[in-house]
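What follows is a set of notes on a single structure, which appears directly below.
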Amino acid sequence: MAGDSITGRKLKIGDIADLSGISERDLRELIQTYDSLFSYRTIGPVKIFPEGTVKIVKDLINLS
């Protein structure tokens with residue numbers, strides 16, 4: 001996937017929440033619950049996710 005490449009767009013929690021249409025709080029709960037589905041890099045207290053994370057979040061929302 002293009003979004004998962006080394007040069008792909010990197011997103012913070014707020015960006016993913018905006019793009020997927022859910023609150024940051026709900027997104028944090030999803031990530032905590034389904035941690036094994038997400039890849040991210042931690043820089044200090046901030047988690048940085050690949051662009052493909054938005055699709056994973058939308059898929060999880062559609063399944064619930």
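The chains in the structure tokens are called A, B, ... from first to last as shown; in each chain the residues are counted from 1, and the ligands are counted from 1 in the order shown.
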
- Item | Contacts of segment 21-30 of chain A within 12 Å, only C-alpha atoms, excl. fewer than 3 positions in-chain, as a PyMOL selection string | chain A and resi 12-18+33-38+47+53-62+64

Write a file of the selected residues as an mmCIF file, in the first residue's frame, keeping N, CA, C and O atoms.
```
data_model
loop_
_atom_site.group_PDB
_atom_site.id
_atom_site.type_symbol
_atom_site.label_atom_id
_atom_site.label_comp_id
_atom_site.auth_asym_id
_atom_site.auth_seq_id
_atom_site.Cartn_x
_atom_site.Cartn_y
_atom_site.Cartn_z
ATOM 1 N N LYS A 12 -1.060 11.445 13.575
ATOM 2 C CA LYS A 12 -1.232 11.404 15.021
ATOM 3 C C LYS A 12 -2.674 10.995 15.316
ATOM 4 O O LYS A 12 -3.526 10.971 14.435
ATOM 5 N N ILE A 13 -2.948 10.717 16.574
ATOM 6 C CA ILE A 13 -4.288 10.288 17.007
ATOM 7 C C ILE A 13 -5.372 11.261 16.525
ATOM 8 O O ILE A 13 -6.400 10.834 15.999
ATOM 9 N N GLY A 14 -5.157 12.546 16.690
ATOM 10 C CA GLY A 14 -6.154 13.547 16.288
ATOM 11 C C GLY A 14 -6.443 13.508 14.801
ATOM 12 O O GLY A 14 -7.593 13.669 14.378
ATOM 13 N N ASP A 15 -5.396 13.297 13.998
ATOM 14 C CA ASP A 15 -5.572 13.213 12.542
ATOM 15 C C ASP A 15 -6.434 12.008 12.173
ATOM 16 O O ASP A 15 -7.351 12.106 11.358
ATOM 17 N N ILE A 16 -6.139 10.883 12.791
ATOM 18 C CA ILE A 16 -6.885 9.656 12.495
ATOM 19 C C ILE A 16 -8.337 9.796 12.942
ATOM 20 O O ILE A 16 -9.253 9.385 12.223
ATOM 21 N N ALA A 17 -8.551 10.392 14.100
ATOM 22 C CA ALA A 17 -9.918 10.597 14.596
ATOM 23 C C ALA A 17 -10.710 11.466 13.618
ATOM 24 O O ALA A 17 -11.853 11.149 13.284
ATOM 25 N N ASP A 18 -10.099 12.560 13.148
ATOM 26 C CA ASP A 18 -10.778 13.441 12.187
ATOM 27 C C ASP A 18 -11.110 12.709 10.897
ATOM 28 O O ASP A 18 -12.221 12.820 10.375
ATOM 29 N N THR A 33 -7.818 -1.497 22.924
ATOM 30 C CA THR A 33 -8.500 -2.791 22.852
ATOM 31 C C THR A 33 -7.903 -3.704 21.789
ATOM 32 O O THR A 33 -7.737 -4.904 21.999
ATOM 33 N N TYR A 34 -7.596 -3.135 20.618
ATOM 34 C CA TYR A 34 -7.101 -3.920 19.482
ATOM 35 C C TYR A 34 -5.657 -3.563 19.155
ATOM 36 O O TYR A 34 -5.285 -3.473 17.989
ATOM 37 N N ASP A 35 -4.837 -3.410 20.171
ATOM 38 C CA ASP A 35 -3.452 -2.961 20.003
ATOM 39 C C ASP A 35 -2.679 -3.772 18.965
ATOM 40 O O ASP A 35 -1.893 -3.219 18.199
ATOM 41 N N SER A 36 -2.914 -5.063 18.893
ATOM 42 C CA SER A 36 -2.151 -5.921 17.974
ATOM 43 C C SER A 36 -2.446 -5.622 16.502
ATOM 44 O O SER A 36 -1.674 -6.015 15.629
ATOM 45 N N LEU A 37 -3.543 -4.927 16.212
ATOM 46 C CA LEU A 37 -3.880 -4.591 14.823
ATOM 47 C C LEU A 37 -3.172 -3.332 14.327
ATOM 48 O O LEU A 37 -3.170 -3.061 13.133
ATOM 49 N N PHE A 38 -2.580 -2.581 15.242
ATOM 50 C CA PHE A 38 -2.007 -1.282 14.894
ATOM 51 C C PHE A 38 -0.492 -1.288 14.983
ATOM 52 O O PHE A 38 0.079 -1.841 15.920
ATOM 53 N N LYS A 47 2.223 8.934 19.766
ATOM 54 C CA LYS A 47 2.245 7.781 18.868
ATOM 55 C C LYS A 47 2.023 8.285 17.447
ATOM 56 O O LYS A 47 1.102 9.054 17.192
ATOM 57 N N THR A 53 -3.689 3.227 8.870
ATOM 58 C CA THR A 53 -4.416 3.088 10.129
ATOM 59 C C THR A 53 -5.862 3.563 9.999
ATOM 60 O O THR A 53 -6.765 3.007 10.627
ATOM 61 N N VAL A 54 -6.099 4.562 9.165
ATOM 62 C CA VAL A 54 -7.462 5.094 8.987
ATOM 63 C C VAL A 54 -8.382 3.986 8.477
ATOM 64 O O VAL A 54 -9.500 3.829 8.962
ATOM 65 N N LYS A 55 -7.911 3.177 7.539
ATOM 66 C CA LYS A 55 -8.731 2.087 7.005
ATOM 67 C C LYS A 55 -9.019 1.048 8.090
ATOM 68 O O LYS A 55 -10.143 0.564 8.205
ATOM 69 N N ILE A 56 -8.029 0.727 8.891
ATOM 70 C CA ILE A 56 -8.233 -0.239 9.977
ATOM 71 C C ILE A 56 -9.306 0.266 10.935
ATOM 72 O O ILE A 56 -10.202 -0.477 11.328
ATOM 73 N N VAL A 57 -9.214 1.538 11.293
ATOM 74 C CA VAL A 57 -10.189 2.129 12.219
ATOM 75 C C VAL A 57 -11.584 2.099 11.603
ATOM 76 O O VAL A 57 -12.551 1.700 12.260
ATOM 77 N N LYS A 58 -11.708 2.497 10.348
ATOM 78 C CA LYS A 58 -13.026 2.481 9.690
ATOM 79 C C LYS A 58 -13.586 1.066 9.615
ATOM 80 O O LYS A 58 -14.788 0.861 9.807
ATOM 81 N N ASP A 59 -12.728 0.084 9.343
ATOM 82 C CA ASP A 59 -13.177 -1.302 9.297
ATOM 83 C C ASP A 59 -13.689 -1.760 10.677
ATOM 84 O O ASP A 59 -14.715 -2.425 10.764
ATOM 85 N N LEU A 60 -12.973 -1.398 11.731
ATOM 86 C CA LEU A 60 -13.410 -1.761 13.082
ATOM 87 C C LEU A 60 -14.740 -1.097 13.426
ATOM 88 O O LEU A 60 -15.609 -1.722 14.052
ATOM 89 N N ILE A 61 -14.913 0.151 13.027
ATOM 90 C CA ILE A 61 -16.186 0.860 13.278
ATOM 91 C C ILE A 61 -17.316 0.157 12.551
ATOM 92 O O ILE A 61 -18.399 -0.042 13.120
ATOM 93 N N ASN A 62 -17.093 -0.257 11.318
ATOM 94 C CA ASN A 62 -18.126 -0.931 10.533
ATOM 95 C C ASN A 62 -18.489 -2.300 11.098
ATOM 96 O O ASN A 62 -19.620 -2.759 10.930
ATOM 97 N N SER A 64 -18.556 -3.015 14.301
ATOM 98 C CA SER A 64 -19.238 -2.915 15.604
ATOM 99 C C SER A 64 -20.640 -2.394 15.488
ATOM 100 O O SER A 64 -21.152 -2.071 14.495
#
```

- as a PyMOL selection string, list the residues of chain A assigned to strand (DSSP E) by DSSP on the backbone atoms of this structure. chain A and resi 10-11+41-43+46-50

Print the selection's residues with N, CA and C atoms to a file, as a PDB file, in the first residue's frame.
```pdb
ATOM      1  N   LYS A  10       2.412  10.204   7.766  1.00  0.00           N
ATOM      2  CA  LYS A  10       2.379   9.758   9.158  1.00  0.00           C
ATOM      3  C   LYS A  10       1.328  10.574   9.900  1.00  0.00           C
ATOM      4  N   LEU A  11       0.535   9.913  10.735  1.00  0.00           N
ATOM      5  CA  LEU A  11      -0.604  10.565  11.389  1.00  0.00           C
ATOM      6  C   LEU A  11      -0.561  10.425  12.900  1.00  0.00           C
ATOM      7  N   ARG A  41       4.818   4.196  15.857  1.00  0.00           N
ATOM      8  CA  ARG A  41       6.119   4.570  16.389  1.00  0.00           C
ATOM      9  C   ARG A  41       5.868   5.577  17.495  1.00  0.00           C
ATOM     10  N   THR A  42       6.593   5.471  18.573  1.00  0.00           N
ATOM     11  CA  THR A  42       6.417   6.390  19.677  1.00  0.00           C
ATOM     12  C   THR A  42       7.568   7.389  19.703  1.00  0.00           C
ATOM     13  N   ILE A  43       7.211   8.665  19.722  1.00  0.00           N
ATOM     14  CA  ILE A  43       8.192   9.735  19.850  1.00  0.00           C
ATOM     15  C   ILE A  43       7.794  10.510  21.106  1.00  0.00           C
ATOM     16  N   VAL A  46       4.034  10.786  22.168  1.00  0.00           N
ATOM     17  CA  VAL A  46       3.183  10.806  20.976  1.00  0.00           C
ATOM     18  C   VAL A  46       3.360   9.531  20.152  1.00  0.00           C
ATOM     19  N   LYS A  47       2.223   8.934  19.766  1.00  0.00           N
ATOM     20  CA  LYS A  47       2.245   7.781  18.868  1.00  0.00           C
ATOM     21  C   LYS A  47       2.023   8.285  17.447  1.00  0.00           C
ATOM     22  N   ILE A  48       2.859   7.813  16.518  1.00  0.00           N
ATOM     23  CA  ILE A  48       2.763   8.182  15.109  1.00  0.00           C
ATOM     24  C   ILE A  48       2.381   6.920  14.328  1.00  0.00           C
ATOM     25  N   PHE A  49       1.295   7.023  13.566  1.00  0.00           N
ATOM     26  CA  PHE A  49       0.736   5.878  12.849  1.00  0.00           C
ATOM     27  C   PHE A  49       0.893   6.052  11.338  1.00  0.00           C
ATOM     28  N   PRO A  50       0.993   4.940  10.597  1.00  0.00           N
ATOM     29  CA  PRO A  50       0.989   5.034   9.139  1.00  0.00           C
ATOM     30  C   PRO A  50      -0.415   5.367   8.630  1.00  0.00           C
TER      31      PRO A  50
END
```

- Task: Report as a PyMOL selection string: the residues of chain A with a DSSP assignment of helix (DSSP H, G or I), based on the backbone of this structure.
- Result: chain A and resi 2-4+13-20+24-33+35-37+53-63

Could you write those residues out with N, CA, C and O atoms, as a compact mmCIF listing (two decimals), in the first residue's frame?
```
# COMPACT_ATOMS: atom_id res chain seq x y z
N ALA A 2 0.46 2.25 -0.70
CA ALA A 2 1.24 3.48 -0.77
C ALA A 2 1.31 4.18 0.57
O ALA A 2 2.32 4.76 0.93
N GLY A 3 0.25 4.15 1.36
CA GLY A 3 0.23 4.82 2.65
C GLY A 3 1.13 4.18 3.69
O GLY A 3 1.46 4.79 4.69
N ASP A 4 1.54 2.95 3.42
CA ASP A 4 2.38 2.25 4.38
C ASP A 4 3.86 2.30 4.01
O ASP A 4 4.68 1.70 4.67
N ILE A 13 -2.95 10.72 16.57
CA ILE A 13 -4.29 10.29 17.01
C ILE A 13 -5.37 11.26 16.53
O ILE A 13 -6.40 10.83 16.00
N GLY A 14 -5.16 12.55 16.69
CA GLY A 14 -6.15 13.55 16.29
C GLY A 14 -6.44 13.51 14.80
O GLY A 14 -7.59 13.67 14.38
N ASP A 15 -5.40 13.30 14.00
CA ASP A 15 -5.57 13.21 12.54
C ASP A 15 -6.43 12.01 12.17
O ASP A 15 -7.35 12.11 11.36
N ILE A 16 -6.14 10.88 12.79
CA ILE A 16 -6.89 9.66 12.49
C ILE A 16 -8.34 9.80 12.94
O ILE A 16 -9.25 9.39 12.22
N ALA A 17 -8.55 10.39 14.10
CA ALA A 17 -9.92 10.60 14.60
C ALA A 17 -10.71 11.47 13.62
O ALA A 17 -11.85 11.15 13.28
N ASP A 18 -10.10 12.56 13.15
CA ASP A 18 -10.78 13.44 12.19
C ASP A 18 -11.11 12.71 10.90
O ASP A 18 -12.22 12.82 10.37
N LEU A 19 -10.16 11.95 10.37
CA LEU A 19 -10.36 11.27 9.10
C LEU A 19 -11.34 10.11 9.19
O LEU A 19 -11.99 9.76 8.21
N SER A 20 -11.46 9.51 10.37
CA SER A 20 -12.36 8.36 10.52
C SER A 20 -13.71 8.74 11.11
O SER A 20 -14.62 7.91 11.15
N GLU A 24 -11.41 11.39 19.63
CA GLU A 24 -10.08 10.93 20.03
C GLU A 24 -10.19 9.92 21.16
O GLU A 24 -9.45 8.94 21.20
N ARG A 25 -11.12 10.16 22.07
CA ARG A 25 -11.30 9.24 23.20
C ARG A 25 -11.70 7.84 22.72
O ARG A 25 -11.14 6.83 23.16
N ASP A 26 -12.67 7.79 21.79
CA ASP A 26 -13.10 6.50 21.25
C ASP A 26 -11.97 5.82 20.48
O ASP A 26 -11.80 4.60 20.55
N LEU A 27 -11.20 6.61 19.76
CA LEU A 27 -10.08 6.06 19.00
C LEU A 27 -9.03 5.48 19.95
O LEU A 27 -8.52 4.38 19.72
N ARG A 28 -8.73 6.18 21.01
CA ARG A 28 -7.76 5.67 21.98
C ARG A 28 -8.24 4.34 22.59
O ARG A 28 -7.44 3.43 22.80
N GLU A 29 -9.53 4.23 22.85
CA GLU A 29 -10.09 2.98 23.37
C GLU A 29 -9.95 1.85 22.35
O GLU A 29 -9.61 0.73 22.71
N LEU A 30 -10.23 2.16 21.08
CA LEU A 30 -10.07 1.16 20.02
C LEU A 30 -8.63 0.67 19.94
O LEU A 30 -8.38 -0.53 19.84
N ILE A 31 -7.70 1.61 19.96
CA ILE A 31 -6.28 1.25 19.85
C ILE A 31 -5.85 0.43 21.05
O ILE A 31 -5.11 -0.55 20.91
N GLN A 32 -6.33 0.78 22.23
CA GLN A 32 -5.98 0.01 23.43
C GLN A 32 -6.58 -1.39 23.36
O GLN A 32 -5.91 -2.38 23.69
N THR A 33 -7.82 -1.50 22.92
CA THR A 33 -8.50 -2.79 22.85
C THR A 33 -7.90 -3.70 21.79
O THR A 33 -7.74 -4.90 22.00
N ASP A 35 -4.84 -3.41 20.17
CA ASP A 35 -3.45 -2.96 20.00
C ASP A 35 -2.68 -3.77 18.97
O ASP A 35 -1.89 -3.22 18.20
N SER A 36 -2.91 -5.06 18.89
CA SER A 36 -2.15 -5.92 17.97
C SER A 36 -2.45 -5.62 16.50
O SER A 36 -1.67 -6.02 15.63
N LEU A 37 -3.54 -4.93 16.21
CA LEU A 37 -3.88 -4.59 14.82
C LEU A 37 -3.17 -3.33 14.33
O LEU A 37 -3.17 -3.06 13.13
N THR A 53 -3.69 3.23 8.87
CA THR A 53 -4.42 3.09 10.13
C THR A 53 -5.86 3.56 10.00
O THR A 53 -6.77 3.01 10.63
N VAL A 54 -6.10 4.56 9.16
CA VAL A 54 -7.46 5.09 8.99
C VAL A 54 -8.38 3.99 8.48
O VAL A 54 -9.50 3.83 8.96
N LYS A 55 -7.91 3.18 7.54
CA LYS A 55 -8.73 2.09 7.00
C LYS A 55 -9.02 1.05 8.09
O LYS A 55 -10.14 0.56 8.21
N ILE A 56 -8.03 0.73 8.89
CA ILE A 56 -8.23 -0.24 9.98
C ILE A 56 -9.31 0.27 10.94
O ILE A 56 -10.20 -0.48 11.33
N VAL A 57 -9.21 1.54 11.29
CA VAL A 57 -10.19 2.13 12.22
C VAL A 57 -11.58 2.10 11.60
O VAL A 57 -12.55 1.70 12.26
N LYS A 58 -11.71 2.50 10.35
CA LYS A 58 -13.03 2.48 9.69
C LYS A 58 -13.59 1.07 9.62
O LYS A 58 -14.79 0.86 9.81
N ASP A 59 -12.73 0.08 9.34
CA ASP A 59 -13.18 -1.30 9.30
C ASP A 59 -13.69 -1.76 10.68
O ASP A 59 -14.72 -2.42 10.76
N LEU A 60 -12.97 -1.40 11.73
CA LEU A 60 -13.41 -1.76 13.08
C LEU A 60 -14.74 -1.10 13.43
O LEU A 60 -15.61 -1.72 14.05
N ILE A 61 -14.91 0.15 13.03
CA ILE A 61 -16.19 0.86 13.28
C ILE A 61 -17.32 0.16 12.55
O ILE A 61 -18.40 -0.04 13.12
N ASN A 62 -17.09 -0.26 11.32
CA ASN A 62 -18.13 -0.93 10.53
C ASN A 62 -18.49 -2.30 11.10
O ASN A 62 -19.62 -2.76 10.93
N LEU A 63 -17.54 -2.93 11.78
CA LEU A 63 -17.81 -4.25 12.36
C LEU A 63 -18.58 -4.18 13.67
O LEU A 63 -19.19 -5.16 14.08
```
